>>> print(open('data20.cif').read())   # mmCIF, C-alpha atoms and all ligand atoms
data_final
loop_
_atom_site.group_PDB
_atom_site.id
_atom_site.type_symbol
_atom_site.label_atom_id
_atom_site.label_comp_id
_atom_site.auth_asym_id
_atom_site.auth_seq_id
_atom_site.Cartn_x
_atom_site.Cartn_y
_atom_site.Cartn_z
ATOM 1 C CA MET A 1 14.319 23.310 9.469
ATOM 2 C CA ALA A 2 15.633 24.984 6.314
ATOM 3 C CA ALA A 3 14.082 23.825 3.076
ATOM 4 C CA MET A 4 16.371 21.396 1.328
ATOM 5 C CA PHE A 5 14.933 22.485 -1.936
ATOM 6 C CA THR A 6 12.605 25.183 -3.090
ATOM 7 C CA VAL A 7 10.990 25.579 -6.483
ATOM 8 C CA GLU A 8 9.266 28.881 -7.101
ATOM 9 C CA HIS A 9 7.202 29.820 -10.139
ATOM 10 C CA LEU A 10 9.006 27.291 -12.297
ATOM 11 C CA LYS A 11 8.231 27.440 -15.994
ATOM 12 C CA LYS A 12 9.596 25.165 -18.703
ATOM 13 C CA SER A 13 8.808 25.450 -22.406
ATOM 14 C CA PHE A 14 10.212 23.535 -25.328
ATOM 15 C CA GLU A 15 10.537 24.786 -28.882
ATOM 16 C CA THR A 16 9.183 22.168 -31.276
ATOM 17 C CA GLU A 17 8.333 22.015 -34.989
ATOM 18 C CA ASN A 18 4.772 22.860 -33.989
ATOM 19 C CA GLY A 19 5.778 25.895 -31.986
ATOM 20 C CA THR A 20 6.405 26.442 -28.302
ATOM 21 C CA ILE A 21 4.909 23.998 -25.824
ATOM 22 C CA ASP A 22 4.633 24.838 -22.151
ATOM 23 C CA VAL A 23 5.352 21.728 -20.113
ATOM 24 C CA ILE A 24 5.595 23.250 -16.646
ATOM 25 C CA ASP A 25 3.908 26.499 -15.736
ATOM 26 C CA ASP A 26 4.122 28.299 -12.413
ATOM 27 C CA LEU A 27 5.026 25.268 -10.334
ATOM 28 C CA SER A 28 6.022 25.988 -6.737
ATOM 29 C CA LEU A 29 7.037 23.325 -4.243
ATOM 30 C CA SER A 30 9.432 22.959 -1.356
ATOM 31 C CA LEU A 31 10.758 20.103 0.733
ATOM 32 C CA GLU A 32 12.688 19.959 3.986
ATOM 33 C CA GLU A 33 15.892 18.042 4.367
ATOM 34 C CA GLY A 34 15.577 14.313 4.889
ATOM 35 C CA ARG A 35 11.953 14.093 3.756
ATOM 36 C CA PHE A 36 10.387 11.648 1.336
ATOM 37 C CA LEU A 37 8.281 13.270 -1.379
ATOM 38 C CA CYS A 38 6.280 11.335 -3.947
ATOM 39 C CA ILE A 39 5.085 13.030 -7.107
ATOM 40 C CA VAL A 40 2.055 11.818 -9.048
ATOM 41 C CA GLY A 41 0.389 13.352 -12.074
ATOM 42 C CA PRO A 42 -1.160 12.505 -15.426
ATOM 43 C CA SER A 43 1.048 10.821 -18.029
ATOM 44 C CA GLY A 44 2.937 13.411 -20.028
ATOM 45 C CA CYS A 45 2.246 16.222 -17.552
ATOM 46 C CA GLY A 46 5.922 17.052 -17.073
ATOM 47 C CA LYS A 47 7.190 14.910 -14.155
ATOM 48 C CA THR A 48 10.355 13.689 -15.854
ATOM 49 C CA THR A 49 11.008 17.195 -17.136
ATOM 50 C CA LEU A 50 10.725 18.462 -13.555
ATOM 51 C CA LEU A 51 13.193 15.841 -12.331
ATOM 52 C CA ARG A 52 15.676 16.700 -15.076
ATOM 53 C CA ILE A 53 15.484 20.345 -14.071
ATOM 54 C CA LEU A 54 15.872 19.522 -10.363
ATOM 55 C CA CYS A 55 19.056 17.568 -10.974
ATOM 56 C CA GLY A 56 20.514 20.289 -13.179
ATOM 57 C CA LEU A 57 20.336 18.418 -16.500
ATOM 58 C CA ASP A 58 17.960 20.918 -18.095
ATOM 59 C CA PRO A 59 17.683 24.641 -17.379
ATOM 60 C CA PRO A 60 14.335 26.133 -16.403
ATOM 61 C CA THR A 61 12.783 28.653 -18.797
ATOM 62 C CA SER A 62 12.059 30.857 -15.797
ATOM 63 C CA GLY A 63 11.559 30.602 -12.063
ATOM 64 C CA THR A 64 13.851 29.784 -9.189
ATOM 65 C CA ILE A 65 15.167 26.454 -7.977
ATOM 66 C CA LEU A 66 17.339 26.347 -4.919
ATOM 67 C CA ILE A 67 18.926 23.237 -3.490
ATOM 68 C CA ASN A 68 20.511 24.007 -0.144
ATOM 69 C CA GLY A 69 20.465 27.642 -1.188
ATOM 70 C CA SER A 70 22.064 27.248 -4.641
ATOM 71 C CA PRO A 71 20.716 26.536 -8.127
ATOM 72 C CA PRO A 72 21.077 22.863 -9.093
ATOM 73 C CA ASP A 73 24.548 22.179 -10.421
ATOM 74 C CA PRO A 74 25.793 18.603 -10.779
ATOM 75 C CA ARG A 75 29.372 19.885 -10.426
ATOM 76 C CA LYS A 76 28.664 21.285 -6.968
ATOM 77 C CA GLN A 77 25.903 19.065 -5.594
ATOM 78 C CA LYS A 78 25.656 15.319 -5.592
ATOM 79 C CA PHE A 79 22.480 13.872 -7.036
ATOM 80 C CA GLY A 80 21.630 10.214 -7.020
ATOM 81 C CA VAL A 81 19.252 9.745 -9.932
ATOM 82 C CA ILE A 82 17.357 6.716 -11.142
ATOM 83 C CA PHE A 83 15.964 7.509 -14.572
ATOM 84 C CA GLN A 84 12.719 6.222 -16.014
ATOM 85 C CA GLU A 85 14.481 4.241 -18.739
ATOM 86 C CA GLU A 86 16.554 1.150 -18.063
ATOM 87 C CA SER A 87 19.941 2.573 -17.277
ATOM 88 C CA LEU A 88 22.365 -0.247 -16.467
ATOM 89 C CA LEU A 89 25.294 -0.651 -18.825
ATOM 90 C CA PRO A 90 24.964 -4.168 -20.270
ATOM 91 C CA TRP A 91 28.720 -4.621 -20.699
ATOM 92 C CA ARG A 92 29.495 -3.878 -17.051
ATOM 93 C CA ASN A 93 28.892 -6.280 -14.204
ATOM 94 C CA VAL A 94 26.919 -5.334 -11.073
ATOM 95 C CA PHE A 95 29.987 -4.052 -9.271
ATOM 96 C CA ASN A 96 31.164 -1.885 -12.161
ATOM 97 C CA ASN A 97 27.657 -0.574 -12.814
ATOM 98 C CA VAL A 98 27.556 0.670 -9.226
ATOM 99 C CA LYS A 99 30.994 2.222 -9.624
ATOM 100 C CA PHE A 100 29.908 3.930 -12.828
ATOM 101 C CA GLY A 101 27.775 6.332 -10.796
ATOM 102 C CA GLN A 102 30.836 7.423 -8.875
ATOM 103 C CA GLU A 103 32.861 7.775 -12.067
ATOM 104 C CA ILE A 104 30.381 10.095 -13.799
ATOM 105 C CA ASN A 105 29.976 12.130 -10.625
ATOM 106 C CA LYS A 106 33.766 12.460 -10.612
ATOM 107 C CA ILE A 107 33.937 11.596 -6.941
ATOM 108 C CA GLY A 108 36.828 9.164 -6.908
ATOM 109 C CA ALA A 109 35.417 5.664 -7.380
ATOM 110 C CA SER A 110 35.719 3.686 -4.182
ATOM 111 C CA ASP A 111 35.511 -0.108 -4.219
ATOM 112 C CA GLU A 112 34.694 -0.098 -0.532
ATOM 113 C CA ILE A 113 31.733 2.257 -0.873
ATOM 114 C CA ALA A 114 30.422 0.444 -3.953
ATOM 115 C CA LYS A 115 30.570 -2.797 -1.969
ATOM 116 C CA LYS A 116 28.812 -1.224 1.015
ATOM 117 C CA TYR A 117 25.797 -0.233 -1.087
ATOM 118 C CA ILE A 118 25.736 -3.508 -3.006
ATOM 119 C CA ASN A 119 25.421 -5.214 0.382
ATOM 120 C CA LEU A 120 22.812 -2.705 1.561
ATOM 121 C CA VAL A 121 20.519 -3.509 -1.371
ATOM 122 C CA GLY A 122 20.988 -7.244 -0.804
ATOM 123 C CA LEU A 123 23.160 -8.055 -3.810
ATOM 124 C CA GLU A 124 26.153 -9.488 -1.982
ATOM 125 C CA GLY A 125 27.489 -12.374 -4.054
ATOM 126 C CA PHE A 126 26.167 -10.987 -7.354
ATOM 127 C CA GLU A 127 28.958 -8.470 -7.950
ATOM 128 C CA ASN A 128 30.249 -10.316 -11.016
ATOM 129 C CA TYR A 129 26.879 -10.875 -12.660
ATOM 130 C CA PHE A 130 25.983 -8.936 -15.793
ATOM 131 C CA PRO A 131 22.595 -7.216 -16.208
ATOM 132 C CA HIS A 132 21.255 -9.966 -18.502
ATOM 133 C CA GLN A 133 21.998 -12.530 -15.781
ATOM 134 C CA ILE A 134 19.888 -10.907 -13.051
ATOM 135 C CA SER A 135 16.151 -10.323 -12.570
ATOM 136 C CA GLY A 136 14.261 -7.061 -13.105
ATOM 137 C CA GLY A 137 14.048 -6.489 -9.340
ATOM 138 C CA MET A 138 17.778 -7.050 -8.951
ATOM 139 C CA LYS A 139 18.466 -4.535 -11.719
ATOM 140 C CA LYS A 140 16.470 -1.969 -9.766
ATOM 141 C CA ARG A 141 18.541 -2.784 -6.702
ATOM 142 C CA VAL A 142 21.695 -2.145 -8.720
ATOM 143 C CA ALA A 143 20.268 1.208 -9.855
ATOM 144 C CA ILE A 144 19.487 2.121 -6.222
ATOM 145 C CA ALA A 145 22.983 1.101 -5.084
ATOM 146 C CA ARG A 146 24.537 3.120 -7.910
ATOM 147 C CA ALA A 147 22.507 6.207 -6.986
ATOM 148 C CA LEU A 148 23.437 5.866 -3.301
ATOM 149 C CA ALA A 149 27.116 5.143 -3.888
ATOM 150 C CA VAL A 150 27.726 8.795 -4.767
ATOM 151 C CA ASP A 151 26.564 9.754 -1.248
ATOM 152 C CA PRO A 152 23.965 12.069 -2.790
ATOM 153 C CA ASP A 153 22.452 15.146 -1.164
ATOM 154 C CA ILE A 154 19.173 14.066 -2.740
ATOM 155 C CA ILE A 155 18.074 10.818 -4.298
ATOM 156 C CA MET A 156 15.652 11.273 -7.195
ATOM 157 C CA MET A 157 13.767 8.348 -8.679
ATOM 158 C CA ASP A 158 11.593 8.394 -11.789
ATOM 159 C CA GLU A 159 9.093 5.514 -11.698
ATOM 160 C CA PRO A 160 11.851 3.123 -10.660
ATOM 161 C CA PHE A 161 9.533 0.183 -9.992
ATOM 162 C CA ALA A 162 7.054 0.698 -12.838
ATOM 163 C CA ASP A 163 7.903 -2.411 -14.824
ATOM 164 C CA LEU A 164 8.100 -4.842 -11.892
ATOM 165 C CA ASP A 165 5.539 -7.435 -10.881
ATOM 166 C CA ALA A 166 3.422 -6.502 -7.860
ATOM 167 C CA GLN A 167 5.221 -8.739 -5.369
ATOM 168 C CA THR A 168 8.716 -7.571 -6.285
ATOM 169 C CA ARG A 169 7.444 -4.033 -6.201
ATOM 170 C CA TRP A 170 6.138 -4.421 -2.645
ATOM 171 C CA ILE A 171 9.428 -5.959 -1.519
ATOM 172 C CA LEU A 172 11.455 -3.144 -3.062
ATOM 173 C CA GLN A 173 9.149 -0.481 -1.614
ATOM 174 C CA LYS A 174 9.792 -1.873 1.866
ATOM 175 C CA GLU A 175 13.515 -2.122 1.228
ATOM 176 C CA LEU A 176 13.656 1.418 -0.095
ATOM 177 C CA LEU A 177 11.917 2.730 3.031
ATOM 178 C CA SER A 178 14.301 0.811 5.222
ATOM 179 C CA ILE A 179 17.327 2.226 3.347
ATOM 180 C CA TRP A 180 15.873 5.737 3.454
ATOM 181 C CA SER A 181 15.258 5.556 7.192
ATOM 182 C CA GLN A 182 18.847 4.411 7.751
ATOM 183 C CA LEU A 183 20.486 6.989 5.495
ATOM 184 C CA LYS A 184 18.124 9.951 6.077
ATOM 185 C CA LYS A 185 18.529 11.204 2.511
ATOM 186 C CA THR A 186 16.054 13.615 1.006
ATOM 187 C CA ALA A 187 14.110 11.518 -1.512
ATOM 188 C CA ILE A 188 11.961 12.405 -4.505
ATOM 189 C CA PHE A 189 10.023 9.544 -6.035
ATOM 190 C CA ILE A 190 7.872 9.855 -9.142
ATOM 191 C CA THR A 191 5.207 7.215 -9.608
ATOM 192 C CA HIS A 192 1.963 6.538 -11.445
ATOM 193 C CA ASN A 193 0.909 4.180 -8.719
ATOM 194 C CA VAL A 194 -1.149 6.024 -6.103
ATOM 195 C CA GLU A 195 -0.923 3.176 -3.605
ATOM 196 C CA GLU A 196 2.856 3.255 -3.908
ATOM 197 C CA ALA A 197 2.879 7.026 -3.327
ATOM 198 C CA VAL A 198 0.792 6.683 -0.145
ATOM 199 C CA PHE A 199 2.890 3.754 1.055
ATOM 200 C CA LEU A 200 6.192 5.601 0.624
ATOM 201 C CA GLY A 201 5.732 9.331 0.877
ATOM 202 C CA GLN A 202 5.605 11.710 3.818
ATOM 203 C CA TYR A 203 4.210 14.064 1.218
ATOM 204 C CA VAL A 204 2.497 13.406 -2.077
ATOM 205 C CA ALA A 205 2.554 16.202 -4.639
ATOM 206 C CA VAL A 206 -0.313 15.868 -7.098
ATOM 207 C CA LEU A 207 0.461 17.671 -10.351
ATOM 208 C CA SER A 208 -2.085 19.004 -12.796
ATOM 209 C CA LYS A 209 -2.220 17.926 -16.422
ATOM 210 C CA ARG A 210 0.262 19.631 -18.748
ATOM 211 C CA PRO A 211 1.453 22.287 -18.244
ATOM 212 C CA ALA A 212 2.244 20.885 -14.810
ATOM 213 C CA LYS A 213 1.717 22.906 -11.712
ATOM 214 C CA LEU A 214 1.270 21.794 -8.134
ATOM 215 C CA LYS A 215 -2.395 20.933 -7.720
ATOM 216 C CA THR A 216 -2.244 19.773 -4.100
ATOM 217 C CA LEU A 217 0.466 18.790 -1.642
ATOM 218 C CA ILE A 218 -0.807 16.150 0.740
ATOM 219 C CA ASN A 219 0.898 15.363 4.014
ATOM 220 C CA ILE A 220 0.527 11.612 4.570
ATOM 221 C CA ASP A 221 0.248 11.666 8.307
ATOM 222 C CA LEU A 222 0.658 7.929 8.904
ATOM 223 C CA PRO A 223 3.502 6.209 10.760
ATOM 224 C CA TYR A 224 5.717 3.656 9.012
ATOM 225 C CA PRO A 225 5.321 0.803 8.319
ATOM 226 C CA ARG A 226 1.974 1.496 6.715
ATOM 227 C CA SER A 227 -0.813 -0.951 6.189
ATOM 228 C CA ARG A 228 -2.366 -0.777 2.739
ATOM 229 C CA LEU A 229 -5.634 -2.075 4.162
ATOM 230 C CA ALA A 230 -5.995 0.443 6.994
ATOM 231 C CA ALA A 231 -8.906 2.857 6.626
ATOM 232 C CA PRO A 232 -6.784 6.058 6.727
ATOM 233 C CA PHE A 233 -4.454 4.611 4.066
ATOM 234 C CA ILE A 234 -7.407 3.883 1.815
ATOM 235 C CA SER A 235 -8.861 7.313 2.378
ATOM 236 C CA TYR A 236 -5.580 9.042 1.371
ATOM 237 C CA ARG A 237 -5.504 6.845 -1.705
ATOM 238 C CA GLU A 238 -9.054 7.735 -2.631
ATOM 239 C CA LYS A 239 -8.459 11.416 -2.087
ATOM 240 C CA ILE A 240 -5.494 11.356 -4.479
ATOM 241 C CA ILE A 241 -7.375 9.312 -7.062
ATOM 242 C CA ASP A 242 -10.201 11.880 -6.916
ATOM 243 C CA LEU A 243 -7.683 14.696 -7.497
ATOM 244 C CA LEU A 244 -6.198 12.845 -10.468
ATOM 245 C CA ARG A 245 -9.654 12.134 -11.825
ATOM 246 C CA GLU A 246 -10.248 15.863 -12.021
ATOM 247 C CA GLU A 247 -7.178 16.086 -14.265
ATOM 248 C CA ILE A 248 -7.869 12.961 -16.331
ATOM 249 C CA PRO A 249 -11.664 12.765 -16.676
ATOM 250 C CA SER A 250 -11.440 9.528 -18.686
ATOM 251 C CA ILE A 251 -10.379 7.453 -15.641
ATOM 252 C CA SER A 252 -13.452 6.089 -13.937
HETATM 253 N N1 LIG A 301 13.147 17.855 -25.115
HETATM 254 C C1 LIG A 301 11.854 17.975 -25.373
HETATM 255 N N2 LIG A 301 11.407 18.641 -26.465
HETATM 256 C C2 LIG A 301 10.094 18.789 -26.702
HETATM 257 N N3 LIG A 301 9.118 18.312 -25.903
HETATM 258 C C3 LIG A 301 9.487 17.639 -24.817
HETATM 259 C C4 LIG A 301 10.858 17.435 -24.482
HETATM 260 N N4 LIG A 301 10.917 16.734 -23.311
HETATM 261 C C5 LIG A 301 9.652 16.507 -22.957
HETATM 262 N N5 LIG A 301 8.784 17.058 -23.853
HETATM 263 C C6 LIG A 301 7.332 17.029 -23.769
HETATM 264 O O1 LIG A 301 6.984 17.466 -22.474
HETATM 265 C C7 LIG A 301 5.829 16.772 -22.009
HETATM 266 C C8 LIG A 301 6.108 16.185 -20.657
HETATM 267 O O2 LIG A 301 7.074 15.141 -20.778
HETATM 268 P P1 LIG A 301 7.582 14.350 -19.502
HETATM 269 O O3 LIG A 301 8.460 13.272 -19.986
HETATM 270 O O4 LIG A 301 8.144 15.323 -18.540
HETATM 271 O O5 LIG A 301 6.213 13.788 -18.935
HETATM 272 P P2 LIG A 301 5.945 12.780 -17.736
HETATM 273 O O6 LIG A 301 4.970 13.426 -16.816
HETATM 274 O O7 LIG A 301 7.218 12.306 -17.167
HETATM 275 O O8 LIG A 301 5.221 11.586 -18.508
HETATM 276 P P3 LIG A 301 5.138 10.027 -18.116
HETATM 277 O O9 LIG A 301 4.211 9.963 -16.945
HETATM 278 O O10 LIG A 301 4.530 9.394 -19.317
HETATM 279 O O11 LIG A 301 6.519 9.549 -17.809
HETATM 280 C C9 LIG A 301 5.487 15.746 -23.082
HETATM 281 O O12 LIG A 301 4.427 16.267 -23.856
HETATM 282 C C10 LIG A 301 6.754 15.640 -23.890
HETATM 283 O O13 LIG A 301 6.472 15.348 -25.231
HETATM 284 MG MG MG A 302 8.155 10.492 -17.104
#
>>> encode(input="data20.cif", output="structure tokens")
Amino acid sequence: MAAMFTVEHLKKSFETENGTIDVIDDLSLSLEEGRFLCIVGPSGCGKTTLLRILCGLDPPTSGTILINGSPPDPRKQKFGVIFQEESLLPWRNVFNNVKFGQEINKIGASDEIAKKYINLVGLEGFENYFPHQISGGMKKRVAIARALAVDPDIIMMDEPFADLDAQTRWILQKELLSIWSQLKKTAIFITHNVEEAVFLGQYVAVLSKRPAKLKTLINIDLPYPRSRLAAPFISYREKIIDLLREEIPSIS
């Protein structure tokens, strides 16, 4: 199968008051269509920067990125992105937040499609609620529906569940897998939570400390649904924690 995206020798530097900082250096990675990739790496190593480059918001300093054979361009490809920061518009209700994704992607906002994804993430009946009237988990569901309502070629998520309690997080992880298996979208999911990465990903990319490069790409060869208590699950988790420990010696 053709690679859905390929990153080769990616480099990204920023000019700052203190000179040039290299955030990504010689990162190469590829993913086939329809796969679920999780990305883990030390805080500040360059994960969000990588995501911004992949969805065409920031240009690379050098290197090649191809998505279905072309450089990322939000005018030509459809990306469903969930950013690390809270991103719902407080003055729009659930329904109009979901439609906002379609509006900024300039793909003709469709009430029917917005409704379809609101139902898919389990928010039927909450269309008229405003962000301050719904829970943290529901807000994440809105963000997922908004990302999906543009019918993206790839869905990219930057620590979408980081600020949720453990139970809500587990529920949303299961729901996300169920949605992904129905829609067959290529998915990129950044997380700090190694257990979450092993639960969700077909692959887990472990990045090095800044400047980020691919340290190891692990194929999580476990069928879904996965049991967090199964011995192979725990051994993948430990392997990834060991790799991260090499990058962040202060974690014990
Ligand atoms: N526009 C910018 N100008 C200068 N430096 C930047 C810019 N954007 C990011 N950086 C720096 O690049 C590095 C990586 O940032 P990034 O947000 O990609 O890290 P991250 O891996 O997502 O971190 P976290 O896990 O905490 O979310 C940081 O040191 C950050 O200060
Ligand atoms: Mg980040």
>>> atom_distance(input="data20.cif", atom1="atom CA of Arg52 of chain A", atom2="atom CA of Gly136 of chain A")
23.9 Å
>>> residues_around(input="data20.cif", residues="segment 82-94 of chain A", least_positions_apart="4", cutoff="7 Å", atoms="all atoms listed in the file", output="MDAnalysis selection string")
chainID A and resid 98 126:131 142:143 147 156:160
>>> atom_distance(input="data20.cif", atom1="atom CA of Leu148 of chain A", atom2="atom CA of Pro59 of chain A")
24.2 Å
>>> residues_near_ligand(input="data20.cif", ligand="ligand LIG 301 (chain A)", cutoff="10 Å", atoms="only C-alpha atoms and all ligand atoms", output="VMD selection string")
chain A and resid 12 to 24 39 to 53 58 84 to 85 158 to 159 190 to 192 207 to 212
>>> residues_near_point(input="data20.cif", point="(2.0, 29.0, -14.1)", cutoff="9 Å", atoms="all atoms listed in the file", output="ChimeraX atom specification")
/A:9-11,24-28,211-213
